[in-house]
Amino acid sequence: MPWFALAALALSQSGVKIFIHGIEGHTAGRIYAEQTFASLGLHIENGLLEASETLKVSNICYLPLKHISTALSDLIDLKSVLGLRSPAHTIARMLNPLRAPHVLQGVFHPGFNSVHQKAAALIQQPHLSVFRGEGGEIERRPQKSIKVMSVHDSNLSTEYWPAIIDDPHQTTDENMDLGRLKSVWQGDEASSYATAAIIGTLAIALKLMGKAQTQSEAYKIANEIWDNRDQKYGIKAIQ
């Protein structure tokens with residue numbers, strides 16, 4: 001389940017402007033970000049100008065990669081033909097067309113962490129953090145300890161975050177019903193895994209942005225953001 005979407009929505013409610021881009025459809029049986037955010041009632045943008053205008057009045061928007069680079073989107077679509085990922089996936093993750101000062105990335109293969117970190121330094125991205133996320137998404141795996149690799153003004157660093165959930169064998173949800181996002185957001189479903197994934201993702205983002213100086217402070221603020229979310233805002237399309 002894409003619990004990272006609720007982390008993004010909660011963070012946007014706290015006043016942080018969030019721009020998300022992605023692609024869908026190149027692997028069968030997966031839930032993609034565009035489908036996820038559309039189900040939450042977010043408008044899917046049709047271009048960078050539209051996205052930038054939306055961010056002037058709203059704190060969150062989603063733009064499909066094809067509206068940033070059709071060629072790059074077409075290359076990624078070849079995964080279903082080739083049977084494996086290509087460097088296009090890494091390049092797409094590095095795109096920051098609206099020049100956000102802070103970039104958060106999730107990768108699936110841990111060996112790519114340092115590639116993204118060093119690439120960010122080369123292209124002079126001011127602040128970036130990358131970690132191995134659930135399914136390669138920007139989502140904390142709470143049952144695992146993780147290594148967050150960052151760049152801050154050309155300075156590279158690595159930070160280890162202990163597991164949040166004690167049971168290392170606890171796995172992700174098998175019920176891939178997007179309606180559960182609304183249930184968890186509105187407090188109708190209590191899921192310890194979902195909450196830990198959301199809080200954990202928020203904490204990493206807060207640390208990246210300098211809104212927290214320590215992990216404990218980041219978790220404290222993350223819990224406050226989640227507890228104070230407006231449960232009636234942002235969930236429109238799911239009935």
# chains A, B, ... in the order shown; residues from 1 in each chain; ligands from 1
>>> residues_around(residues="A:Glu45", least_positions_apart="2", cutoff="10 Å", atoms="only C-alpha atoms", output="PyMOL selection string")
chain A and resi 21+42-43+47-54+61-64+67
>>> select_by_dssp(residues="stretch 117-224 of chain A", states="strand (DSSP E)", output="VMD selection string")
chain A and resid 127 to 132 146 to 152 155 to 161
>>> closest_residue(among="A:Val16, A:Ala194, A:Ala205, A:Ala5", to="A:Tyr32", atoms="only C-alpha atoms")
A:Ala5
>>> residues_around(residues="stretch 226-228 of chain A", least_positions_apart="2", cutoff="10 Å", atoms="only C-alpha atoms", output="PyMOL selection string")
chain A and resi 6-7+9-11+13-14+185+195+198-199+202+221-224+230-231
>>> residues_around(residues="A:Ser114", least_positions_apart="6", cutoff="12 Å", atoms="only C-alpha atoms", output="list in words")
Thr90, Gln105, Val107, Ala120, Ala121, Leu128, Ser129, Val130, Phe131, Arg132, Lys147, Val148, Met149, Ser150, Val151, Leu156, Ser157 and Thr158 of chain A
>>> atom_distance(atom1="atom CA of A:Tyr160", atom2="atom CA of A:Ser12")
25.7 Å
>>> residues_around(residues="A:Gly210", least_positions_apart="4", cutoff="12 Å", atoms="only C-alpha atoms", output="VMD selection string")
chain A and resid 101 to 102 127 to 129 152 203 to 206 214 to 215 217 to 218 221
>>> write_last_selection(atoms="C-alpha atoms", output="tab-separated table (two decimals), in the first residue's frame")
chain	number	residue	atom	x	y	z
A	101	PRO	CA	15.62	23.08	-2.54
A	102	HIS	CA	14.93	19.74	-0.84
A	127	HIS	CA	19.67	19.26	-0.17
A	128	LEU	CA	18.80	15.63	-0.92
A	129	SER	CA	18.21	12.45	1.05
A	152	HIS	CA	23.71	19.29	2.14
A	203	ALA	CA	10.55	12.08	10.14
A	204	ILE	CA	13.11	11.61	7.37
A	205	ALA	CA	11.59	14.49	5.39
A	206	LEU	CA	11.63	16.78	8.43
A	214	THR	CA	17.78	14.87	15.78
A	215	GLN	CA	15.88	11.69	14.98
A	217	GLU	CA	12.89	15.45	17.49
A	218	ALA	CA	11.93	14.45	13.94
A	221	ILE	CA	7.23	16.61	15.14
>>> residues_around(residues="A:Leu95", least_positions_apart="4", cutoff="9 Å", atoms="only C-alpha atoms", output="PyMOL selection string")
chain A and resi 21+68+91+99
>>> residues_around(residues="A:Leu78", least_positions_apart="3", cutoff="12 Å", atoms="only C-alpha atoms", output="VMD selection string")
chain A and resid 25 to 27 71 to 75 81 to 89
>>> write_last_selection(atoms="N, CA and C atoms", output="PDB file, in the first residue's frame")
ATOM      1  N   GLY A  25       2.372   2.176 -15.016  1.00  0.00           N
ATOM      2  CA  GLY A  25       1.973   1.269 -16.074  1.00  0.00           C
ATOM      3  C   GLY A  25       3.041   0.387 -16.670  1.00  0.00           C
ATOM      4  N   HIS A  26       4.324   0.504 -16.233  1.00  0.00           N
ATOM      5  CA  HIS A  26       5.350  -0.315 -16.855  1.00  0.00           C
ATOM      6  C   HIS A  26       5.571  -1.647 -16.133  1.00  0.00           C
ATOM      7  N   THR A  27       4.887  -1.877 -15.021  1.00  0.00           N
ATOM      8  CA  THR A  27       4.946  -3.169 -14.330  1.00  0.00           C
ATOM      9  C   THR A  27       3.538  -3.551 -13.901  1.00  0.00           C
ATOM     10  N   ALA A  71      10.343  11.603 -24.055  1.00  0.00           N
ATOM     11  CA  ALA A  71      11.375  10.640 -24.439  1.00  0.00           C
ATOM     12  C   ALA A  71      11.791   9.772 -23.253  1.00  0.00           C
ATOM     13  N   LEU A  72      11.985  10.392 -22.110  1.00  0.00           N
ATOM     14  CA  LEU A  72      12.388   9.643 -20.919  1.00  0.00           C
ATOM     15  C   LEU A  72      11.265   8.711 -20.470  1.00  0.00           C
ATOM     16  N   SER A  73      10.034   9.181 -20.545  1.00  0.00           N
ATOM     17  CA  SER A  73       8.887   8.346 -20.199  1.00  0.00           C
ATOM     18  C   SER A  73       8.802   7.132 -21.116  1.00  0.00           C
ATOM     19  N   ASP A  74       9.038   7.343 -22.405  1.00  0.00           N
ATOM     20  CA  ASP A  74       9.002   6.231 -23.365  1.00  0.00           C
ATOM     21  C   ASP A  74      10.104   5.220 -23.089  1.00  0.00           C
ATOM     22  N   LEU A  75      11.283   5.700 -22.689  1.00  0.00           N
ATOM     23  CA  LEU A  75      12.384   4.797 -22.368  1.00  0.00           C
ATOM     24  C   LEU A  75      12.038   3.909 -21.174  1.00  0.00           C
ATOM     25  N   VAL A  81       9.244  -4.512 -22.029  1.00  0.00           N
ATOM     26  CA  VAL A  81       9.795  -5.206 -23.197  1.00  0.00           C
ATOM     27  C   VAL A  81      11.144  -5.837 -22.870  1.00  0.00           C
ATOM     28  N   LEU A  82      11.990  -5.063 -22.195  1.00  0.00           N
ATOM     29  CA  LEU A  82      13.347  -5.516 -21.892  1.00  0.00           C
ATOM     30  C   LEU A  82      13.405  -6.454 -20.698  1.00  0.00           C
ATOM     31  N   GLY A  83      12.445  -6.304 -19.788  1.00  0.00           N
ATOM     32  CA  GLY A  83      12.409  -7.170 -18.616  1.00  0.00           C
ATOM     33  C   GLY A  83      13.276  -6.705 -17.467  1.00  0.00           C
ATOM     34  N   LEU A  84      13.856  -5.525 -17.566  1.00  0.00           N
ATOM     35  CA  LEU A  84      14.673  -5.001 -16.474  1.00  0.00           C
ATOM     36  C   LEU A  84      14.723  -3.485 -16.578  1.00  0.00           C
ATOM     37  N   ARG A  85      15.111  -2.855 -15.452  1.00  0.00           N
ATOM     38  CA  ARG A  85      15.212  -1.402 -15.414  1.00  0.00           C
ATOM     39  C   ARG A  85      16.430  -0.948 -16.200  1.00  0.00           C
ATOM     40  N   SER A  86      16.454   0.340 -16.510  1.00  0.00           N
ATOM     41  CA  SER A  86      17.575   0.922 -17.238  1.00  0.00           C
ATOM     42  C   SER A  86      18.031   2.183 -16.518  1.00  0.00           C
ATOM     43  N   PRO A  87      19.138   2.803 -16.967  1.00  0.00           N
ATOM     44  CA  PRO A  87      19.572   4.059 -16.341  1.00  0.00           C
ATOM     45  C   PRO A  87      18.520   5.158 -16.408  1.00  0.00           C
ATOM     46  N   ALA A  88      17.525   5.006 -17.288  1.00  0.00           N
ATOM     47  CA  ALA A  88      16.466   6.011 -17.394  1.00  0.00           C
ATOM     48  C   ALA A  88      15.729   6.176 -16.072  1.00  0.00           C
ATOM     49  N   HIS A  89      15.592   5.088 -15.312  1.00  0.00           N
ATOM     50  CA  HIS A  89      14.904   5.159 -14.020  1.00  0.00           C
ATOM     51  C   HIS A  89      15.665   6.060 -13.043  1.00  0.00           C
TER      52      HIS A  89
END
>>> select_by_dssp(residues="stretch 19-228 of chain A", states="helix (DSSP H, G or I)", output="JSON, numbers by chain")
{"A": [33, 34, 35, 36, 37, 38, 39, 48, 49, 50, 51, 52, 53, 54, 55, 56, 57, 65, 66, 67, 70, 71, 72, 73, 74, 75, 76, 77, 79, 80, 81, 82, 87, 88, 89, 90, 91, 92, 93, 94, 110, 111, 112, 113, 114, 115, 116, 117, 118, 119, 120, 121, 122, 134, 135, 136, 179, 180, 181, 182, 183, 184, 185, 192, 193, 194, 195, 196, 197, 198, 199, 200, 201, 202, 203, 204, 205, 206, 207, 208, 215, 216, 217, 218, 219, 220, 221, 222, 223, 224, 225, 226, 227]}
>>> atom_distance(atom1="atom CA of A:Ser39", atom2="atom CA of A:Ala8")
14.2 Å
>>> closest_residue(among="A:Phe19, A:Tyr193, A:Phe108, A:Trp161", to="A:Glu137", atoms="only C-alpha atoms")
A:Phe108
